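Structure file query38.cif (mmCIF, C-alpha atoms) follows.
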```cif
data_work
loop_
_atom_site.group_PDB
_atom_site.id
_atom_site.type_symbol
_atom_site.label_atom_id
_atom_site.label_comp_id
_atom_site.auth_asym_id
_atom_site.auth_seq_id
_atom_site.Cartn_x
_atom_site.Cartn_y
_atom_site.Cartn_z
ATOM 1 C CA MET A 24 82.342 9.078 -52.692
ATOM 2 C CA ASN A 25 81.162 10.531 -55.976
ATOM 3 C CA HIS A 26 77.898 8.613 -55.998
ATOM 4 C CA SER A 27 76.728 9.545 -52.534
ATOM 5 C CA TYR A 28 75.935 13.095 -53.712
ATOM 6 C CA THR A 29 73.591 11.686 -56.361
ATOM 7 C CA VAL A 30 71.852 9.540 -53.755
ATOM 8 C CA ILE A 31 71.417 12.576 -51.488
ATOM 9 C CA ALA A 32 69.959 14.496 -54.430
ATOM 10 C CA TYR A 33 67.461 11.702 -55.145
ATOM 11 C CA PHE A 34 66.350 11.599 -51.539
ATOM 12 C CA ILE A 35 65.804 15.375 -51.547
ATOM 13 C CA TYR A 36 64.028 15.345 -54.909
ATOM 14 C CA LEU A 37 61.523 12.530 -54.272
ATOM 15 C CA PRO A 38 59.657 13.913 -51.203
ATOM 16 C CA ILE A 39 59.508 17.407 -52.697
ATOM 17 C CA ALA A 40 58.048 16.143 -55.997
ATOM 18 C CA ILE A 41 55.497 13.871 -54.298
ATOM 19 C CA LEU A 42 54.409 16.537 -51.793
ATOM 20 C CA LEU A 43 54.028 19.082 -54.606
ATOM 21 C CA THR A 44 51.839 16.653 -56.585
ATOM 22 C CA TRP A 45 49.757 15.886 -53.500
ATOM 23 C CA TYR A 46 49.237 19.581 -52.743
ATOM 24 C CA VAL A 47 48.212 20.472 -56.311
ATOM 25 C CA ALA A 48 45.826 17.484 -56.586
ATOM 26 C CA GLN A 49 44.283 18.315 -53.211
ATOM 27 C CA THR A 50 43.612 21.935 -54.211
ATOM 28 C CA LEU A 51 42.347 21.098 -57.705
ATOM 29 C CA PHE A 52 39.935 18.318 -56.773
ATOM 30 C CA LYS A 53 38.561 19.904 -53.605
ATOM 31 C CA ASN A 54 37.273 22.622 -55.904
ATOM 32 C CA GLY A 55 36.581 20.216 -58.766
ATOM 33 C CA LEU A 56 33.655 18.640 -56.913
ATOM 34 C CA VAL A 57 31.668 21.869 -57.403
ATOM 35 C CA PHE A 58 32.138 21.599 -61.178
ATOM 36 C CA MET A 59 31.200 17.932 -61.128
ATOM 37 C CA ARG A 60 27.943 18.686 -59.295
ATOM 38 C CA ASP A 61 27.070 21.195 -62.033
ATOM 39 C CA ILE A 62 27.972 18.746 -64.808
ATOM 40 C CA PHE A 63 25.860 15.901 -63.403
ATOM 41 C CA PHE A 64 22.982 18.148 -62.229
ATOM 42 C CA GLY A 65 23.386 17.461 -58.526
ATOM 43 C CA ARG A 66 23.626 13.658 -58.798
ATOM 44 C CA GLU A 67 25.988 13.383 -55.840
ATOM 45 C CA ASP A 68 27.112 9.744 -56.261
ATOM 46 C CA ILE A 69 28.175 10.037 -59.901
ATOM 47 C CA ALA A 70 29.788 13.441 -59.287
ATOM 48 C CA LYS A 71 31.885 12.029 -56.435
ATOM 49 C CA ALA A 72 32.899 8.906 -58.375
ATOM 50 C CA THR A 73 33.955 10.921 -61.432
ATOM 51 C CA ASN A 74 35.903 13.353 -59.276
ATOM 52 C CA ALA A 75 37.711 10.468 -57.549
ATOM 53 C CA LEU A 76 38.567 8.858 -60.898
ATOM 54 C CA PHE A 77 39.996 12.097 -62.282
ATOM 55 C CA LYS A 78 41.976 12.531 -59.065
ATOM 56 C CA ILE A 79 43.661 9.136 -59.252
ATOM 57 C CA GLY A 80 44.381 9.699 -62.957
ATOM 58 C CA PHE A 81 46.075 12.987 -62.062
ATOM 59 C CA TYR A 82 48.160 11.286 -59.361
ATOM 60 C CA LEU A 83 49.230 8.428 -61.640
ATOM 61 C CA LEU A 84 50.203 10.714 -64.499
ATOM 62 C CA ASN A 85 52.184 13.181 -62.401
ATOM 63 C CA ILE A 86 53.936 10.804 -59.998
ATOM 64 C CA GLY A 87 54.814 8.670 -63.022
ATOM 65 C CA PHE A 88 56.336 11.721 -64.684
ATOM 66 C CA ALA A 89 58.194 12.696 -61.502
ATOM 67 C CA LEU A 90 59.795 9.228 -61.368
ATOM 68 C CA TYR A 91 60.491 9.280 -65.093
ATOM 69 C CA ILE A 92 62.626 12.455 -64.936
ATOM 70 C CA LEU A 93 64.369 11.433 -61.690
ATOM 71 C CA GLN A 94 67.649 10.185 -63.163
ATOM 72 C CA ILE A 95 70.596 12.626 -62.883
ATOM 73 C CA TYR A 96 73.171 12.155 -65.627
ATOM 74 C CA ASP A 97 75.797 14.751 -64.589
ATOM 75 C CA SER A 98 78.352 13.791 -61.973
ATOM 76 C CA LEU A 99 77.792 15.841 -58.831
ATOM 77 C CA ASN A 100 80.778 17.011 -56.830
ATOM 78 C CA GLY A 101 79.459 19.160 -54.038
ATOM 79 C CA MET A 102 76.568 20.927 -52.394
ATOM 80 C CA GLN A 103 76.490 23.630 -55.062
ATOM 81 C CA SER A 104 75.961 21.239 -57.952
ATOM 82 C CA ILE A 105 73.247 19.380 -56.020
ATOM 83 C CA ILE A 106 71.340 22.641 -55.546
ATOM 84 C CA GLU A 107 71.781 23.658 -59.183
ATOM 85 C CA VAL A 108 70.668 20.329 -60.640
ATOM 86 C CA LEU A 109 67.734 19.979 -58.244
ATOM 87 C CA SER A 110 66.477 23.503 -58.849
ATOM 88 C CA THR A 111 66.303 22.813 -62.587
ATOM 89 C CA LYS A 112 64.473 19.524 -62.032
ATOM 90 C CA ILE A 113 61.969 20.779 -59.450
ATOM 91 C CA GLY A 114 61.352 24.012 -61.363
ATOM 92 C CA GLY A 115 60.686 22.085 -64.565
ATOM 93 C CA PHE A 116 58.426 19.683 -62.731
ATOM 94 C CA SER A 117 56.383 22.482 -61.182
ATOM 95 C CA ILE A 118 55.951 24.147 -64.596
ATOM 96 C CA TYR A 119 54.721 20.790 -65.933
ATOM 97 C CA LEU A 120 52.299 20.533 -62.975
ATOM 98 C CA GLY A 121 50.965 23.990 -63.785
ATOM 99 C CA VAL A 122 50.277 22.955 -67.388
ATOM 100 C CA MET A 123 48.495 19.795 -66.184
ATOM 101 C CA LEU A 124 46.426 21.869 -63.731
ATOM 102 C CA PHE A 125 45.262 24.126 -66.542
ATOM 103 C CA LEU A 126 44.429 21.165 -68.788
ATOM 104 C CA ASN A 127 42.233 19.659 -66.056
ATOM 105 C CA LEU A 128 40.563 23.006 -65.430
ATOM 106 C CA LEU A 129 39.882 23.314 -69.161
ATOM 107 C CA LEU A 130 38.281 19.856 -69.094
ATOM 108 C CA PHE A 131 36.009 20.920 -66.208
ATOM 109 C CA PHE A 132 34.914 24.101 -67.977
ATOM 110 C CA ARG A 133 34.277 22.235 -71.216
ATOM 111 C CA GLY A 134 32.164 19.615 -69.398
ATOM 112 C CA LYS A 135 30.172 22.348 -67.713
ATOM 113 C CA LYS A 136 29.489 24.062 -71.044
ATOM 114 C CA VAL A 137 28.347 20.822 -72.726
ATOM 115 C CA ALA A 138 26.095 19.949 -69.765
ATOM 116 C CA ARG A 139 24.484 23.400 -69.825
ATOM 117 C CA GLN A 140 23.832 23.195 -73.568
ATOM 118 C CA LYS A 141 22.222 19.788 -73.154
ATOM 119 C CA HIS A 142 20.085 21.060 -70.280
ATOM 120 C CA GLU A 143 18.878 24.031 -72.373
ATOM 121 C CA GLU A 144 18.018 21.759 -75.297
ATOM 122 C CA HIS A 145 16.084 19.535 -72.913
ATOM 123 C CA LEU A 146 14.151 22.497 -71.510
ATOM 124 C CA ALA A 147 13.401 23.794 -75.022
ATOM 125 C CA LEU A 148 12.067 20.383 -76.058
ATOM 126 C CA GLN A 149 9.843 20.276 -72.954
ATOM 127 C CA ASN A 150 8.479 23.743 -73.690
ATOM 128 C CA LEU A 151 7.780 22.728 -77.267
ATOM 129 C CA ALA A 152 6.018 19.548 -76.202
ATOM 130 C CA ALA A 153 3.952 21.130 -73.436
ATOM 131 C CA PRO A 154 1.141 22.812 -75.447
ATOM 132 C CA VAL A 155 0.555 19.665 -77.512
ATOM 133 C CA LYS A 156 -0.158 17.478 -74.478
ATOM 134 C CA MET B 26 72.845 -10.156 -51.741
ATOM 135 C CA ASN B 27 73.776 -8.102 -54.761
ATOM 136 C CA TYR B 28 72.193 -4.871 -55.914
ATOM 137 C CA ASN B 29 69.928 -6.477 -58.516
ATOM 138 C CA ILE B 30 68.130 -8.730 -56.035
ATOM 139 C CA THR B 31 67.610 -5.786 -53.645
ATOM 140 C CA ALA B 32 66.191 -3.788 -56.538
ATOM 141 C CA TYR B 33 63.800 -6.606 -57.463
ATOM 142 C CA PHE B 34 62.437 -6.849 -53.923
ATOM 143 C CA ILE B 35 61.922 -3.085 -53.575
ATOM 144 C CA TYR B 36 60.435 -2.804 -57.075
ATOM 145 C CA LEU B 37 58.022 -5.724 -56.694
ATOM 146 C CA SER B 38 56.724 -4.688 -53.277
ATOM 147 C CA MET B 39 56.168 -1.085 -54.378
ATOM 148 C CA THR B 40 54.536 -1.872 -57.732
ATOM 149 C CA ILE B 41 52.272 -4.576 -56.333
ATOM 150 C CA PHE B 42 51.197 -2.194 -53.572
ATOM 151 C CA ILE B 43 50.388 0.504 -56.158
ATOM 152 C CA ILE B 44 48.544 -1.933 -58.454
ATOM 153 C CA VAL B 45 46.404 -3.341 -55.618
ATOM 154 C CA PHE B 46 45.652 0.103 -54.187
ATOM 155 C CA VAL B 47 44.655 1.553 -57.570
ATOM 156 C CA GLY B 48 42.637 -1.577 -58.402
ATOM 157 C CA LYS B 49 40.597 -1.321 -55.187
ATOM 158 C CA TYR B 50 40.058 2.374 -55.904
ATOM 159 C CA PHE B 51 38.715 1.672 -59.408
ATOM 160 C CA TYR B 52 36.634 -1.214 -58.068
ATOM 161 C CA ARG B 53 34.867 1.101 -55.615
ATOM 162 C CA ASN B 54 34.419 4.117 -57.867
ATOM 163 C CA GLY B 55 33.754 2.364 -61.157
ATOM 164 C CA ARG B 56 30.818 0.316 -59.864
ATOM 165 C CA ILE B 57 28.289 3.093 -60.347
ATOM 166 C CA PHE B 58 29.239 3.497 -64.016
ATOM 167 C CA ILE B 59 28.809 -0.223 -64.743
ATOM 168 C CA LEU B 60 25.527 -0.081 -62.839
ATOM 169 C CA SER B 61 24.165 2.684 -65.014
ATOM 170 C CA LEU B 62 25.467 1.068 -68.229
ATOM 171 C CA LEU B 63 23.716 -2.210 -67.293
ATOM 172 C CA LYS B 64 20.459 -0.383 -66.454
ATOM 173 C CA ASP B 65 20.532 -0.877 -62.645
ATOM 174 C CA ASP B 66 21.066 -4.648 -62.705
ATOM 175 C CA ALA B 67 22.965 -4.953 -59.401
ATOM 176 C CA VAL B 68 23.701 -8.725 -59.469
ATOM 177 C CA THR B 69 25.338 -8.731 -62.903
ATOM 178 C CA THR B 70 27.198 -5.536 -62.008
ATOM 179 C CA ASP B 71 28.841 -7.049 -58.935
ATOM 180 C CA HIS B 72 29.901 -10.198 -60.776
ATOM 181 C CA LEU B 73 31.243 -8.238 -63.747
ATOM 182 C CA ASN B 74 33.093 -5.898 -61.386
ATOM 183 C CA ASN B 75 34.807 -8.837 -59.623
ATOM 184 C CA ILE B 76 35.843 -10.403 -62.917
ATOM 185 C CA LEU B 77 37.224 -7.084 -64.177
ATOM 186 C CA LEU B 78 39.245 -6.640 -60.968
ATOM 187 C CA VAL B 79 40.833 -10.084 -61.255
ATOM 188 C CA ALA B 80 41.641 -9.564 -64.945
ATOM 189 C CA TYR B 81 43.257 -6.230 -64.098
ATOM 190 C CA TYR B 82 45.422 -7.862 -61.409
ATOM 191 C CA LEU B 83 46.517 -10.655 -63.724
ATOM 192 C CA PHE B 84 47.531 -8.312 -66.538
ATOM 193 C CA ASN B 85 49.364 -5.724 -64.458
ATOM 194 C CA ILE B 86 51.125 -7.935 -61.911
ATOM 195 C CA GLY B 87 52.108 -10.247 -64.771
ATOM 196 C CA TYR B 88 53.604 -7.304 -66.631
ATOM 197 C CA ALA B 89 55.470 -6.189 -63.489
ATOM 198 C CA PHE B 90 57.072 -9.651 -63.238
ATOM 199 C CA VAL B 91 57.934 -9.837 -66.947
ATOM 200 C CA LYS B 92 59.917 -6.594 -66.642
ATOM 201 C CA LEU B 93 62.368 -8.310 -64.242
ATOM 202 C CA ARG B 94 63.747 -10.348 -67.135
ATOM 203 C CA PHE B 95 65.015 -7.239 -68.975
ATOM 204 C CA TRP B 96 66.628 -5.400 -66.056
ATOM 205 C CA GLN B 97 70.029 -3.781 -66.551
ATOM 206 C CA LYS B 98 73.040 -4.749 -64.409
ATOM 207 C CA ILE B 99 73.159 -2.567 -61.301
ATOM 208 C CA GLU B 100 76.545 -1.566 -59.905
ATOM 209 C CA ASN B 101 75.918 1.069 -57.262
ATOM 210 C CA MET B 102 73.375 2.814 -55.074
ATOM 211 C CA ASP B 103 72.347 5.630 -57.402
ATOM 212 C CA MET B 104 71.814 3.247 -60.318
ATOM 213 C CA LEU B 105 69.607 1.207 -57.972
ATOM 214 C CA ILE B 106 67.334 4.175 -57.248
ATOM 215 C CA SER B 107 67.235 5.480 -60.804
ATOM 216 C CA SER B 108 66.526 2.089 -62.404
ATOM 217 C CA ILE B 109 63.700 1.348 -59.932
ATOM 218 C CA ALA B 110 62.241 4.788 -60.633
ATOM 219 C CA ASN B 111 62.508 4.301 -64.397
ATOM 220 C CA ASN B 112 60.809 0.911 -64.435
ATOM 221 C CA MET B 113 58.097 2.022 -62.025
ATOM 222 C CA SER B 114 57.388 5.138 -64.056
ATOM 223 C CA VAL B 115 56.769 3.057 -67.188
ATOM 224 C CA LEU B 116 54.300 0.868 -65.281
ATOM 225 C CA ILE B 117 52.539 3.892 -63.746
ATOM 226 C CA PHE B 118 52.285 5.522 -67.193
ATOM 227 C CA ILE B 119 50.647 2.366 -68.525
ATOM 228 C CA LEU B 120 48.156 2.442 -65.644
ATOM 229 C CA ALA B 121 47.432 6.126 -66.264
ATOM 230 C CA SER B 122 46.917 5.747 -70.007
ATOM 231 C CA THR B 123 44.609 2.720 -69.590
ATOM 232 C CA HIS B 124 42.680 4.674 -66.982
ATOM 233 C CA TYR B 125 42.151 7.691 -69.252
ATOM 234 C CA MET B 126 41.183 5.404 -72.136
ATOM 235 C CA ASN B 127 38.585 3.742 -69.894
ATOM 236 C CA MET B 128 37.180 7.154 -68.939
ATOM 237 C CA ILE B 129 36.892 8.061 -72.627
ATOM 238 C CA LEU B 130 35.159 4.710 -73.237
ATOM 239 C CA ILE B 131 32.647 5.358 -70.416
ATOM 240 C CA TRP B 132 31.960 8.834 -71.783
ATOM 241 C CA TYR B 133 31.495 7.466 -75.301
ATOM 242 C CA LEU B 134 29.172 4.614 -74.215
ATOM 243 C CA SER B 135 27.039 6.906 -72.075
ATOM 244 C CA ARG B 136 26.769 9.356 -74.990
ATOM 245 C CA SER B 137 25.674 6.730 -77.476
ATOM 246 C CA LYS B 138 22.935 5.491 -75.130
ATOM 247 C CA LYS B 139 21.096 8.838 -75.132
ATOM 248 C CA SER B 140 23.251 10.061 -72.261
ATOM 249 C CA PHE B 141 21.532 8.853 -69.118
ATOM 250 C CA LEU B 142 24.522 9.896 -66.998
ATOM 251 C CA THR B 143 23.995 13.572 -67.752
ATOM 252 C CA ASN B 144 20.289 13.456 -68.412
ATOM 253 C CA LYS B 145 18.048 15.241 -65.971
ATOM 254 C CA THR B 146 14.964 13.099 -66.552
ATOM 255 C CA PHE B 147 16.858 9.987 -65.403
ATOM 256 C CA GLN B 148 16.877 11.242 -61.803
ATOM 257 C CA SER B 149 13.194 10.852 -61.080
#
```
Could you rewrite the structure in this file as structure tokens?
Amino acid sequence: MNHSYTVIAYFIYLPIAILLTWYVAQTLFKNGLVFMRDIFFGREDIAKATNALFKIGFYLLNIGFALYILQIYDSLNGMQSIIEVLSTKIGGFSIYLGVMLFLNLLLFFRGKKVARQKHEEHLALQNLAAPVK
Amino acid sequence: MNYNITAYFIYLSMTIFIIVFVGKYFYRNGRIFILSLLKDDAVTTDHLNNILLVAYYLFNIGYAFVKLRFWQKIENMDMLISSIANNMSVLIFILASTHYMNMILIWYLSRSKKSFLTNKTFQS
């Protein structure tokens, strides 16, 4: 009956990891739409499409990683070892999710900065061209 | 039925579901980018989009089937779960990395064409 503990651990680990990913993606991309509207100057269709594409990329990357680290190599022999092994795995996974969250946020801020610079250049060019016309 | 055949059935149904779901998602959300890269030519866009979807299915489902050939021997229940998870994670990582590369490609193409995606004058 040595292996049944590992199976129990997998079945506890999988829903927790997937729910955690879902929750983080939901929070990040509900607020990400605001950034996307700024980046694309209120063009709603492109903002929504880009947001959706980033969202599915986030899901693929993180659920892929959750499955990749699933395998438990130690032999488990009781409730205590299940809890110890799972806490290490889920804690590590949530730290990884935090890093990914910050990377995405950094991407949003960077896009916003570039879009604003471009907009200012555009305005400056218009102001320069106006007296000539 | 031994463990390997069970693993193949579970693996194939899950990966094909993921590939089809993600493909439909890209098909819907990527259309607008092709449309703006082809300068609002809707007919060519729809045809190109269909061809891209079919090519994506062929490559990824083909790869999912090829992986069956190199599967390890499965002896018990926990190896079943961990080997399915391992093989699926490799496939999902491939999907994710192709996806991010495509996003970089879209960004690069729209930049080199005087950036009509982020250009304000393009709206009017």
Please return as a list in words every residue within 12 Å of (63.9, -3.7, -52.7), taking into account all atoms listed in the file and the file's own coordinates.
Met26, Asn27, Tyr28, Asn29, Ile30, Thr31, Ala32, Tyr33, Phe34, Ile35, Tyr36, Leu37, Ser38, Met39, Thr40, Met102, Leu105, Ile106, Ser108, Ile109 and Ala110 of chain B
Using all atoms listed in the file, select each residue of chain B with any atom at most 10 Å away from an atom of chain A, and give the selection as JSON, numbers by chain.
{"B": [43, 47, 50, 51, 53, 54, 55, 56, 57, 58, 61, 101, 102, 103, 104, 105, 106, 107, 108, 109, 110, 111, 112, 113, 114, 115, 116, 117, 118, 119, 120, 121, 122, 123, 124, 125, 128, 140, 142, 143, 144, 145, 146, 148]}
Which is closer to B:Phe42 than all the others in B:Asn127, B:Gln97, B:Ser135, B:Asn85, using all atoms listed in the file?
B:Asn85
Have a look at atom CA of A:Leu128 and atom CA of B:Lys49 and let me know their distance in Å, one decimal.
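Atom-to-atom, atom CA of A:Leu128 to atom CA of B:Lys49, that is 26.4 Å.
For the atom pair formed by atom CA of A:Phe116 and atom CA of A:Tyr36, the distance is 10.6 Å, given to one decimal.
Between A:Met59 and the candidates A:Lys135, A:Ser98, A:Ile106, A:Ala152, the tightest atom-to-atom separation, counting all atoms listed in the file, involves A:Lys135.
Computed from the coordinates, the atom CA of A:Ala147 to atom CA of B:Leu62 distance equals 26.6 Å.
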Writing C-alpha atoms and nothing else, produce stretch 57-142 of chain A as a PDB file, in the first residue's frame.
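The resulting file, selection21.pdb, is shown below:
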```pdb
ATOM      1  CA  VAL A  57      -7.292  48.686 -18.169  1.00  0.00           C
ATOM      2  CA  PHE A  58      -3.600  48.687 -19.125  1.00  0.00           C
ATOM      3  CA  MET A  59      -4.390  47.297 -22.556  1.00  0.00           C
ATOM      4  CA  ARG A  60      -6.907  50.084 -23.217  1.00  0.00           C
ATOM      5  CA  ASP A  61      -4.189  52.631 -22.393  1.00  0.00           C
ATOM      6  CA  ILE A  62      -1.630  50.876 -24.602  1.00  0.00           C
ATOM      7  CA  PHE A  63      -3.915  50.713 -27.647  1.00  0.00           C
ATOM      8  CA  PHE A  64      -5.501  54.159 -27.081  1.00  0.00           C
ATOM      9  CA  GLY A  65      -9.020  52.911 -26.443  1.00  0.00           C
ATOM     10  CA  ARG A  66      -9.208  50.543 -29.435  1.00  0.00           C
ATOM     11  CA  GLU A  67     -11.438  48.073 -27.610  1.00  0.00           C
ATOM     12  CA  ASP A  68     -11.226  45.114 -30.036  1.00  0.00           C
ATOM     13  CA  ILE A  69      -7.429  44.949 -30.187  1.00  0.00           C
ATOM     14  CA  ALA A  70      -7.128  45.552 -26.431  1.00  0.00           C
ATOM     15  CA  LYS A  71      -9.480  42.647 -25.689  1.00  0.00           C
ATOM     16  CA  ALA A  72      -7.778  40.292 -28.159  1.00  0.00           C
ATOM     17  CA  THR A  73      -4.309  41.052 -26.780  1.00  0.00           C
ATOM     18  CA  ASN A  74      -5.520  40.603 -23.218  1.00  0.00           C
ATOM     19  CA  ALA A  75      -7.074  37.231 -24.108  1.00  0.00           C
ATOM     20  CA  LEU A  76      -3.866  36.084 -25.819  1.00  0.00           C
ATOM     21  CA  PHE A  77      -1.728  37.021 -22.819  1.00  0.00           C
ATOM     22  CA  LYS A  78      -4.213  35.233 -20.563  1.00  0.00           C
ATOM     23  CA  ILE A  79      -4.042  31.934 -22.431  1.00  0.00           C
ATOM     24  CA  GLY A  80      -0.237  32.210 -22.567  1.00  0.00           C
ATOM     25  CA  PHE A  81      -0.199  32.641 -18.786  1.00  0.00           C
ATOM     26  CA  TYR A  82      -2.449  29.598 -18.321  1.00  0.00           C
ATOM     27  CA  LEU A  83      -0.373  27.401 -20.638  1.00  0.00           C
ATOM     28  CA  LEU A  84       2.922  28.357 -19.034  1.00  0.00           C
ATOM     29  CA  ASN A  85       1.779  27.910 -15.441  1.00  0.00           C
ATOM     30  CA  ILE A  86      -0.366  24.784 -15.776  1.00  0.00           C
ATOM     31  CA  GLY A  87       2.466  23.267 -17.811  1.00  0.00           C
ATOM     32  CA  PHE A  88       4.868  24.059 -14.985  1.00  0.00           C
ATOM     33  CA  ALA A  89       2.458  22.689 -12.370  1.00  0.00           C
ATOM     34  CA  LEU A  90       2.291  19.369 -14.257  1.00  0.00           C
ATOM     35  CA  TYR A  91       6.039  19.370 -14.821  1.00  0.00           C
ATOM     36  CA  ILE A  92       6.884  19.486 -11.087  1.00  0.00           C
ATOM     37  CA  LEU A  93       4.114  17.036 -10.119  1.00  0.00           C
ATOM     38  CA  GLN A  94       6.227  13.892  -9.747  1.00  0.00           C
ATOM     39  CA  ILE A  95       7.072  12.913  -6.135  1.00  0.00           C
ATOM     40  CA  TYR A  96      10.315  10.966  -5.852  1.00  0.00           C
ATOM     41  CA  ASP A  97      10.373  10.228  -2.088  1.00  0.00           C
ATOM     42  CA  SER A  98       8.429   7.253  -0.800  1.00  0.00           C
ATOM     43  CA  LEU A  99       5.556   8.449   1.369  1.00  0.00           C
ATOM     44  CA  ASN A 100       4.599   6.456   4.436  1.00  0.00           C
ATOM     45  CA  GLY A 101       1.871   8.368   6.185  1.00  0.00           C
ATOM     46  CA  MET A 102      -0.231  11.479   6.483  1.00  0.00           C
ATOM     47  CA  GLN A 103       2.658  13.492   7.907  1.00  0.00           C
ATOM     48  CA  SER A 104       4.954  12.934   4.946  1.00  0.00           C
ATOM     49  CA  ILE A 105       2.137  13.751   2.508  1.00  0.00           C
ATOM     50  CA  ILE A 106       1.615  17.108   4.224  1.00  0.00           C
ATOM     51  CA  GLU A 107       5.339  17.862   4.320  1.00  0.00           C
ATOM     52  CA  VAL A 108       5.986  17.022   0.670  1.00  0.00           C
ATOM     53  CA  LEU A 109       2.870  18.828  -0.555  1.00  0.00           C
ATOM     54  CA  SER A 110       3.586  21.971   1.438  1.00  0.00           C
ATOM     55  CA  THR A 111       7.015  22.239  -0.191  1.00  0.00           C
ATOM     56  CA  LYS A 112       5.555  21.711  -3.664  1.00  0.00           C
ATOM     57  CA  ILE A 113       2.592  24.081  -3.323  1.00  0.00           C
ATOM     58  CA  GLY A 114       4.688  26.728  -1.564  1.00  0.00           C
ATOM     59  CA  GLY A 115       7.308  26.593  -4.308  1.00  0.00           C
ATOM     60  CA  PHE A 116       4.632  26.744  -6.966  1.00  0.00           C
ATOM     61  CA  SER A 117       2.985  29.790  -5.409  1.00  0.00           C
ATOM     62  CA  ILE A 118       6.352  31.588  -5.203  1.00  0.00           C
ATOM     63  CA  TYR A 119       6.849  30.808  -8.906  1.00  0.00           C
ATOM     64  CA  LEU A 120       3.346  32.180  -9.635  1.00  0.00           C
ATOM     65  CA  GLY A 121       4.228  35.374  -7.792  1.00  0.00           C
ATOM     66  CA  VAL A 122       7.344  35.833  -9.937  1.00  0.00           C
ATOM     67  CA  MET A 123       5.295  35.250 -13.111  1.00  0.00           C
ATOM     68  CA  LEU A 124       2.682  37.766 -11.914  1.00  0.00           C
ATOM     69  CA  PHE A 125       5.357  40.410 -11.466  1.00  0.00           C
ATOM     70  CA  LEU A 126       6.881  39.672 -14.878  1.00  0.00           C
ATOM     71  CA  ASN A 127       3.486  40.166 -16.546  1.00  0.00           C
ATOM     72  CA  LEU A 128       2.893  43.363 -14.594  1.00  0.00           C
ATOM     73  CA  LEU A 129       6.314  44.616 -15.693  1.00  0.00           C
ATOM     74  CA  LEU A 130       5.358  43.876 -19.307  1.00  0.00           C
ATOM     75  CA  PHE A 131       2.141  45.905 -18.915  1.00  0.00           C
ATOM     76  CA  PHE A 132       3.966  48.885 -17.416  1.00  0.00           C
ATOM     77  CA  ARG A 133       6.636  48.767 -20.106  1.00  0.00           C
ATOM     78  CA  GLY A 134       3.985  48.676 -22.862  1.00  0.00           C
ATOM     79  CA  LYS A 135       2.214  51.623 -21.297  1.00  0.00           C
ATOM     80  CA  LYS A 136       5.442  53.640 -21.163  1.00  0.00           C
ATOM     81  CA  VAL A 137       6.307  52.906 -24.817  1.00  0.00           C
ATOM     82  CA  ALA A 138       2.763  53.781 -25.947  1.00  0.00           C
ATOM     83  CA  ARG A 139       2.855  57.089 -24.060  1.00  0.00           C
ATOM     84  CA  GLN A 140       6.226  58.022 -25.558  1.00  0.00           C
ATOM     85  CA  LYS A 141       4.943  57.269 -29.045  1.00  0.00           C
ATOM     86  CA  HIS A 142       1.802  59.314 -28.416  1.00  0.00           C
TER      87      HIS A 142
END
```
